[in-house]
$ cat run-v7.cif   # mmCIF, C-alpha atoms
data_target
#
loop_
_atom_site.label_atom_id
_atom_site.label_comp_id
_atom_site.auth_asym_id
_atom_site.auth_seq_id
_atom_site.Cartn_x
_atom_site.Cartn_y
_atom_site.Cartn_z
CA MET A 1 -16.10 -0.65 -11.49
CA THR A 2 -16.08 -4.03 -13.15
CA GLY A 3 -14.03 -7.14 -13.17
CA HIS A 4 -12.94 -8.06 -16.68
CA GLY A 5 -11.31 -10.74 -18.77
CA SER A 6 -11.42 -14.49 -18.37
CA PHE A 7 -11.72 -15.96 -14.91
CA ASP A 8 -8.47 -16.93 -13.22
CA PRO A 9 -8.83 -17.99 -9.59
CA ASN A 10 -5.26 -16.85 -8.96
CA SER A 11 -5.79 -13.27 -9.96
CA VAL A 12 -8.08 -10.37 -9.27
CA ARG A 13 -8.75 -7.97 -12.14
CA LYS A 14 -10.29 -4.55 -11.96
CA SER A 15 -10.72 -1.67 -14.35
CA ILE A 16 -11.94 1.86 -13.84
CA ASP A 17 -12.50 4.81 -16.17
CA VAL A 18 -10.93 8.00 -14.91
CA HIS A 19 -11.77 11.44 -16.27
CA ALA A 20 -8.18 12.57 -16.36
CA ALA A 21 -5.45 12.59 -18.98
CA GLN A 22 -3.19 9.55 -19.09
CA GLN A 23 -0.17 11.48 -17.78
CA THR A 24 -2.21 12.96 -14.95
CA ALA A 25 -3.57 9.55 -14.01
CA TRP A 26 -0.05 8.10 -14.04
CA ARG A 27 1.35 10.97 -11.98
CA VAL A 28 -1.38 10.81 -9.34
CA PHE A 29 -1.03 7.05 -9.09
CA THR A 30 2.74 7.01 -8.75
CA GLU A 31 3.75 10.37 -7.26
CA ASP A 32 0.72 11.15 -5.12
CA MET A 33 -0.16 7.69 -3.84
CA GLY A 34 -0.14 8.96 -0.25
CA THR A 35 -3.02 11.34 -1.04
CA TRP A 36 -5.51 8.63 -1.99
CA TRP A 37 -4.33 5.29 -0.62
CA PRO A 38 -6.50 4.39 2.41
CA LEU A 39 -3.56 4.67 4.82
CA ALA A 40 -5.79 4.88 7.86
CA TYR A 41 -6.78 1.25 7.29
CA TYR A 42 -4.16 -0.11 5.03
CA LYS A 43 -0.66 0.06 6.41
CA ILE A 44 1.92 -2.35 7.75
CA GLY A 45 4.14 -0.49 10.18
CA LYS A 46 3.46 0.28 13.83
CA ALA A 47 3.63 4.05 13.39
CA LYS A 48 0.76 6.05 11.92
CA ALA A 49 1.40 6.03 8.17
CA ILE A 50 1.49 9.44 6.49
CA ASP A 51 2.67 8.60 2.98
CA ALA A 52 2.95 5.82 0.41
CA ILE A 53 5.89 6.04 -1.95
CA VAL A 54 6.66 4.39 -5.29
CA GLU A 55 10.27 5.05 -6.33
CA PRO A 56 10.25 6.10 -9.99
CA PHE A 57 12.44 3.42 -11.56
CA SER A 58 12.61 -0.34 -12.10
CA GLY A 59 14.06 -1.93 -8.99
CA GLY A 60 12.80 0.91 -6.81
CA ARG A 61 11.09 0.45 -3.47
CA TRP A 62 7.38 0.66 -2.77
CA TYR A 63 6.87 1.55 0.86
CA GLU A 64 4.97 3.45 3.49
CA ARG A 65 6.39 6.18 5.68
CA GLY A 66 5.23 6.61 9.24
CA GLU A 67 4.89 9.90 11.11
CA ASP A 68 7.95 8.97 13.17
CA GLY A 69 10.03 8.76 9.97
CA SER A 70 10.15 4.97 9.92
CA THR A 71 9.54 3.18 6.64
CA CYS A 72 8.06 -0.19 5.88
CA ASP A 73 8.39 -1.97 2.53
CA TRP A 74 5.34 -3.17 0.66
CA GLY A 75 7.19 -4.45 -2.39
CA THR A 76 9.35 -3.36 -5.30
CA VAL A 77 8.94 -1.71 -8.68
CA LEU A 78 9.38 -4.49 -11.24
CA ALA A 79 8.65 -2.38 -14.32
CA TRP A 80 8.45 1.40 -14.67
CA GLU A 81 7.07 2.40 -18.06
CA PRO A 82 5.62 5.92 -17.93
CA PHE A 83 2.83 6.70 -18.68
CA SER A 84 1.31 3.37 -19.60
CA ARG A 85 2.44 0.48 -17.43
CA LEU A 86 3.54 -0.12 -13.86
CA LEU A 87 4.41 -3.51 -12.43
CA LEU A 88 4.79 -3.83 -8.69
CA SER A 89 5.52 -6.75 -6.44
CA TRP A 90 3.37 -6.96 -3.35
CA ASP A 91 5.20 -8.71 -0.58
CA ILE A 92 2.63 -8.59 2.17
CA SER A 93 1.69 -11.93 3.61
CA ALA A 94 -1.83 -12.95 4.41
CA ASP A 95 -1.30 -12.33 8.09
CA TRP A 96 -0.40 -8.78 7.20
CA GLN A 97 3.33 -8.86 7.62
CA PRO A 98 6.06 -7.89 5.16
CA ASP A 99 7.44 -11.01 3.49
CA PRO A 100 10.00 -10.28 0.75
CA THR A 101 9.80 -13.85 -0.54
CA LEU A 102 6.09 -13.65 -1.33
CA LYS A 103 6.11 -11.58 -4.54
CA THR A 104 2.56 -11.52 -5.70
CA GLU A 105 2.34 -9.07 -8.62
CA ILE A 106 0.22 -6.03 -9.32
CA GLU A 107 0.18 -4.78 -12.89
CA ILE A 108 -1.44 -1.45 -13.63
CA ARG A 109 -2.07 -0.28 -17.19
CA PHE A 110 -3.03 3.26 -18.10
CA ILE A 111 -4.81 3.34 -21.44
CA ALA A 112 -5.62 6.73 -22.94
CA SER A 113 -9.21 6.69 -24.12
CA GLY A 114 -9.38 10.19 -25.59
CA ASN A 115 -10.75 13.47 -24.35
CA ASN A 116 -8.77 13.56 -21.09
CA SER A 117 -10.02 10.14 -20.20
CA THR A 118 -8.03 7.11 -19.14
CA ARG A 119 -8.94 3.51 -18.56
CA VAL A 120 -6.97 2.05 -15.67
CA GLU A 121 -6.71 -1.72 -15.56
CA LEU A 122 -5.32 -3.48 -12.53
CA GLU A 123 -4.45 -7.12 -12.13
CA HIS A 124 -3.30 -8.59 -8.83
CA ARG A 125 -1.94 -12.00 -9.71
CA LEU A 126 0.02 -15.04 -8.53
CA LEU A 127 -2.34 -15.29 -5.59
CA ASP A 128 -1.65 -19.01 -5.43
CA ARG A 129 1.53 -17.99 -3.65
CA TYR A 130 -0.74 -17.23 -0.74
CA GLY A 131 -2.16 -20.70 -1.07
CA GLU A 132 1.27 -22.16 -0.43
CA ARG A 133 1.11 -20.33 2.87
CA ARG A 134 -2.23 -21.70 3.89
CA ASP A 135 -1.37 -21.67 7.58
CA GLU A 136 -0.87 -17.93 7.42
CA MET A 137 -4.13 -17.61 5.57
CA ARG A 138 -5.86 -19.26 8.46
CA ARG A 139 -4.33 -16.89 10.91
CA VAL A 140 -6.07 -14.10 9.07
CA PHE A 141 -9.31 -15.29 10.55
CA ASP A 142 -7.81 -15.50 13.95
CA THR A 143 -6.33 -12.06 14.33
CA GLU A 144 -7.83 -9.24 16.24
CA GLY A 145 -6.90 -5.65 15.67
CA ASP A 146 -5.90 -4.08 12.40
CA TRP A 147 -6.67 -6.92 10.05
CA GLY A 148 -10.14 -7.42 11.45
CA ARG A 149 -10.92 -3.72 11.25
CA LEU A 150 -9.56 -3.68 7.71
CA LEU A 151 -11.78 -6.54 6.68
CA ALA A 152 -14.78 -4.85 8.20
CA SER A 153 -13.98 -1.59 6.46
CA PHE A 154 -13.57 -3.22 3.08
CA ALA A 155 -16.62 -5.35 3.59
CA ASP A 156 -18.49 -2.05 3.83
CA ALA A 157 -16.78 -0.80 0.70
CA ALA A 158 -17.55 -3.97 -1.23
CA GLU A 159 -21.15 -3.58 -0.15
CA LYS A 160 -21.30 -0.05 -1.50
CA HIS A 161 -19.82 -1.12 -4.81
CA GLY A 162 -21.80 -4.33 -4.91
CA MET B 163 -23.32 -8.62 -1.92
CA ALA B 164 -22.41 -12.20 -1.14
CA THR B 165 -18.69 -11.53 -0.59
CA ALA B 166 -19.17 -8.74 1.88
CA LEU B 167 -21.81 -10.70 3.71
CA ARG B 168 -19.51 -13.69 4.00
CA VAL B 169 -16.62 -11.67 5.32
CA GLU B 170 -18.90 -9.89 7.75
CA ARG B 171 -20.31 -13.15 9.00
CA ALA B 172 -16.84 -14.55 9.49
CA LEU B 173 -15.91 -11.45 11.46
CA ASP B 174 -19.05 -11.62 13.54
CA ALA B 175 -18.45 -15.28 14.24
CA LEU B 176 -14.89 -14.63 15.38
CA GLY B 177 -15.85 -11.58 17.39
CA ASP B 178 -16.57 -13.81 20.35
CA PRO B 179 -13.46 -14.86 22.32
CA THR B 180 -14.79 -18.32 23.19
CA ARG B 181 -15.59 -18.96 19.55
CA ARG B 182 -12.09 -17.86 18.60
CA ALA B 183 -10.72 -20.32 21.12
CA VAL B 184 -12.87 -23.08 19.61
CA PHE B 185 -11.72 -22.14 16.12
CA LYS B 186 -8.09 -22.13 17.21
CA ARG B 187 -8.39 -25.66 18.53
CA LEU B 188 -9.24 -26.88 15.05
CA ARG B 189 -6.01 -25.58 13.58
CA LYS B 190 -4.16 -28.73 14.51
CA GLY B 191 -6.65 -30.96 12.77
CA ASN B 192 -10.18 -32.32 12.95
CA ARG B 193 -11.72 -32.70 16.37
CA SER B 194 -14.94 -34.00 17.87
CA VAL B 195 -17.05 -31.81 20.17
CA ARG B 196 -15.76 -33.72 23.17
CA GLU B 197 -12.14 -33.22 22.17
CA ILE B 198 -12.73 -29.53 21.60
CA ALA B 199 -14.51 -29.06 24.94
CA ASP B 200 -11.79 -30.92 26.86
CA GLY B 201 -9.87 -28.45 28.98
CA MET B 202 -12.14 -25.55 28.10
CA ALA B 203 -14.17 -23.70 30.70
CA VAL B 204 -17.38 -24.08 28.73
CA SER B 205 -19.86 -26.94 28.51
CA ARG B 206 -20.13 -29.30 25.58
CA PRO B 207 -23.56 -27.95 24.54
CA ALA B 208 -22.06 -24.44 24.53
CA VAL B 209 -19.21 -25.65 22.32
CA SER B 210 -21.76 -27.23 19.98
CA GLN B 211 -23.55 -23.91 19.74
CA HIS B 212 -20.31 -22.10 18.88
CA LEU B 213 -19.50 -24.70 16.24
CA LYS B 214 -22.88 -24.13 14.67
CA VAL B 215 -22.18 -20.41 14.33
CA LEU B 216 -18.70 -21.02 12.90
CA LYS B 217 -20.12 -23.47 10.40
CA SER B 218 -22.85 -21.12 9.19
CA ALA B 219 -20.18 -18.43 8.77
CA GLY B 220 -18.36 -20.75 6.36
CA LEU B 221 -15.30 -21.05 8.58
CA ILE B 222 -15.45 -24.73 9.41
CA LEU B 223 -16.64 -28.00 7.89
CA VAL B 224 -18.15 -31.11 9.43
CA ARG B 225 -17.00 -34.57 8.50
CA ILE B 226 -18.79 -37.75 9.49
CA ASP B 227 -16.42 -40.44 10.72
CA GLY B 228 -18.48 -43.50 11.59
CA ALA B 229 -20.64 -42.45 14.50
CA ARG B 230 -18.60 -39.33 15.16
CA ARG B 231 -18.93 -35.85 13.81
CA LEU B 232 -15.54 -34.24 13.31
CA TYR B 233 -15.10 -30.51 12.89
CA GLY B 234 -12.27 -28.95 10.88
CA ILE B 235 -11.26 -25.63 9.35
CA ASP B 236 -12.62 -24.95 5.86
CA PRO B 237 -9.46 -24.91 3.71
CA ASN B 238 -11.00 -22.47 1.27
CA GLY B 239 -8.57 -19.73 2.28
CA ILE B 240 -7.49 -18.58 -1.16
CA GLU B 241 -11.08 -17.91 -2.16
CA SER B 242 -11.69 -15.79 0.89
CA LEU B 243 -8.53 -13.84 0.19
CA ARG B 244 -9.56 -13.31 -3.41
CA ASN B 245 -12.91 -12.02 -2.29
CA TRP B 246 -11.28 -9.74 0.18
CA LEU B 247 -8.90 -8.36 -2.45
CA GLU B 248 -11.81 -7.68 -4.80
CA GLY B 249 -13.31 -5.34 -2.25
CA PHE B 250 -9.93 -3.89 -1.36
CA TRP B 251 -9.10 -2.90 -4.94
CA ASP B 252 -12.59 -1.53 -5.57
CA GLU B 253 -12.16 0.77 -2.63
CA THR B 254 -8.59 1.76 -3.42
CA LEU B 255 -9.15 2.41 -7.14
CA SER B 256 -12.24 4.49 -6.42
CA ALA B 257 -10.17 6.66 -4.11
CA PHE B 258 -7.52 6.94 -6.84
CA LYS B 259 -10.13 7.96 -9.42
CA LEU B 260 -11.34 10.79 -7.22
CA ALA B 261 -7.79 12.04 -6.66
CA ALA B 262 -6.87 11.88 -10.36
CA GLU B 263 -10.03 13.69 -11.41
CA ARG B 264 -9.50 16.38 -8.80
CA GLU B 265 -5.98 16.86 -10.15
CA GLN B 266 -7.26 17.03 -13.72
CA GLN B 267 -9.72 19.77 -12.77
CA LYS B 268 -7.01 21.70 -10.97
CA SER B 269 -4.74 21.65 -14.01
CA GLY B 270 -7.68 22.92 -16.04
CA ARG B 271 -9.70 21.04 -18.62
#
$ encode --input "run-v7.cif" --output "structure tokens"
Amino acid sequence: MTGHGSFDPNSVRKSIDVHAAQQTAWRVFTEDMGTWWPLAYYKIGKAKAIDAIVEPFSGGRWYERGEDGSTCDWGTVLAWEPFSRLLLSWDISADWQPDPTLKTEIEIRFIASGNNSTRVELEHRLLDRYGERRDEMRRVFDTEGDWGRLLASFADAAEKHG
Amino acid sequence: MATALRVERALDALGDPTRRAVFKRLRKGNRSVREIADGMAVSRPAVSQHLKVLKSAGLILVRIDGARRLYGIDPNGIESLRNWLEGFWDETLSAFKLAAEREQQKSGR
């Protein structure tokens, strides 16, 4: 896993090579998100999350579903271009609450690289919108419970990938 | 890795309830040790010790104002978030890669 491209403090870029055909990569990303998203750590609602759903059209919802049937929005589908490009808005504030006005963006590109191989590039951008909510940012450091556990978990992950 | 270490240190530093209380007091602006200790059930030297830990975890800054040392929250929030997201997407994309490759193998070749 590598970061790529020129440095922009307001975005995070990642790319990963996947040994799967472009259509398969697209399908697993969009249709089967609940099978690989780390729902145990990353979820918004109160209920235990059992699935993550991306509705397959522009303007669709992106949300989690809890075991009690409740749903909780993460953002919306801004562009749906199978099998090459997906643009999502991510409306989760820094203190880990849904905030539909936030609208940071996540763009995912699926680039066929031959021989059942696909390069997946992800950019999470407009992070300065978090900066405008600096007070919430600070609360991140002041919250016990889920967010703290999440940080710890991903600190481990970052270590492994480091 | 520096990022993970920094996040871990911040978490460790805030794992202590008294330290969290000290940190919280700085939200409203810069404070001296005396101002922070006022109304708290811990001694000034204890508060100083907590401030030291918070500072080495990169959570607060010290400003010198004449003869006083004022403590305040490090406003570098966006950078911490960026760092956190780096780790988050590494983890999440790795999980995706495994799932996609499993699916590819299932569908054959």
$ closest_residue --input "run-v7.cif" --among "B:Arg181, B:Lys259, B:Arg231, B:Lys214" --to "Arg193 (chain B)" --atoms "only C-alpha atoms"
B:Arg231
$ atom_distance --input "run-v7.cif" --atom1 "CA of Gly34 (chain A)" --atom2 "CA of Trp90 (chain A)"
16.6 Å
$ residues_around --input "run-v7.cif" --residues "Ile106 (chain A)" --least-positions-apart "5" --cutoff "10 Å" --atoms "all atoms listed in the file" --output "JSON, numbers by chain"
{"A": [11, 12, 13, 75, 77, 78, 86, 87, 88, 89, 90, 122, 123, 124, 125, 126]}
$ atom_distance --input "run-v7.cif" --atom1 "CA of Asp178 (chain B)" --atom2 "CA of Gly201 (chain B)"
18.3 Å
$ residues_near_point --input "run-v7.cif" --point "(6.3, 0.8, 7.2)" --cutoff "9 Å" --atoms "all atoms listed in the file" --output "list in words"
Lys43, Ile44, Gly45, Lys46, Ala47, Lys48, Ala49, Tyr63, Glu64, Arg65, Gly66, Ser70, Thr71, Cys72, Asp73, Trp74 and Pro98 of chain A
$ write_last_selection --input "run-v7.cif" --atoms "C-alpha atoms" --output "PDB file, in the coordinates of the input"
ATOM      1  CA  LYS A  43      -0.660   0.060   6.410  1.00  0.00           C
ATOM      2  CA  ILE A  44       1.920  -2.350   7.750  1.00  0.00           C
ATOM      3  CA  GLY A  45       4.140  -0.490  10.180  1.00  0.00           C
ATOM      4  CA  LYS A  46       3.460   0.280  13.830  1.00  0.00           C
ATOM      5  CA  ALA A  47       3.630   4.050  13.390  1.00  0.00           C
ATOM      6  CA  LYS A  48       0.760   6.050  11.920  1.00  0.00           C
ATOM      7  CA  ALA A  49       1.400   6.030   8.170  1.00  0.00           C
ATOM      8  CA  TYR A  63       6.870   1.550   0.860  1.00  0.00           C
ATOM      9  CA  GLU A  64       4.970   3.450   3.490  1.00  0.00           C
ATOM     10  CA  ARG A  65       6.390   6.180   5.680  1.00  0.00           C
ATOM     11  CA  GLY A  66       5.230   6.610   9.240  1.00  0.00           C
ATOM     12  CA  SER A  70      10.150   4.970   9.920  1.00  0.00           C
ATOM     13  CA  THR A  71       9.540   3.180   6.640  1.00  0.00           C
ATOM     14  CA  CYS A  72       8.060  -0.190   5.880  1.00  0.00           C
ATOM     15  CA  ASP A  73       8.390  -1.970   2.530  1.00  0.00           C
ATOM     16  CA  TRP A  74       5.340  -3.170   0.660  1.00  0.00           C
ATOM     17  CA  PRO A  98       6.060  -7.890   5.160  1.00  0.00           C
TER      18      PRO A  98
END
$ residues_near_point --input "run-v7.cif" --point "(-11.2, -1.5, -8.0)" --cutoff "10 Å" --atoms "all atoms listed in the file" --output "list in words"
Met1, Thr2, Gly3, Val12, Arg13, Lys14, Ser15, Ile16, Val120, Glu121, Leu122, Glu123, Ala158 and His161 of chain A; Leu247, Glu248, Gly249, Phe250, Trp251, Asp252, Glu253, Thr254, Leu255, Ser256, Ala257, Phe258 and Lys259 of chain B
$ resolve_selection --input "run-v7.cif" --expression "the PyMOL selection byres ((chain A and resi 82) around 9)" --output "ChimeraX atom specification"
/A:23,26-27,80-81,83-86
$ atom_distance --input "run-v7.cif" --atom1 "CA of Asp236 (chain B)" --atom2 "CA of Leu223 (chain B)"
5.4 Å
$ resolve_selection --input "run-v7.cif" --expression "the PyMOL selection byres ((chain B and resi 213) around 9)" --output "list in words"
Arg181, Val184, Phe185, Val195, Ala208, Val209, Ser210, Gln211, His212, Lys214, Val215, Leu216, Lys217, Ser218, Ile222 and Tyr233 of chain B
$ closest_residue --input "run-v7.cif" --among "B:Val224, B:Ile235, B:Ile198, B:Ala229" --to "chain A" --atoms "only C-alpha atoms"
B:Ile235
$ closest_residue --input "run-v7.cif" --among "A:Glu107, A:Glu31, A:Trp37, A:Gln22" --to "chain B" --atoms "only C-alpha atoms"
A:Trp37
$ closest_residue --input "run-v7.cif" --among "B:Leu221, B:Thr180, B:Asn192, B:Ala262" --to "Val204 (chain B)" --atoms "only C-alpha atoms"
B:Thr180
$ closest_residue --input "run-v7.cif" --among "B:Arg206, B:Arg230, B:Arg225, B:Arg264" --to "chain A" --atoms "only C-alpha atoms"
B:Arg264
$ residues_around --input "run-v7.cif" --residues "Arg119 (chain A)" --least-positions-apart "4" --cutoff "8 Å" --atoms "all atoms listed in the file" --output "number ranges by chain"
A: 15-18, 109-113
$ resolve_selection --input "run-v7.cif" --expression "the PyMOL selection byres ((chain A and resi 115) around 9)" --output "list in words"
His19, Ala20, Ala21, Ala112, Ser113, Gly114, Asn116, Ser117 and Thr118 of chain A
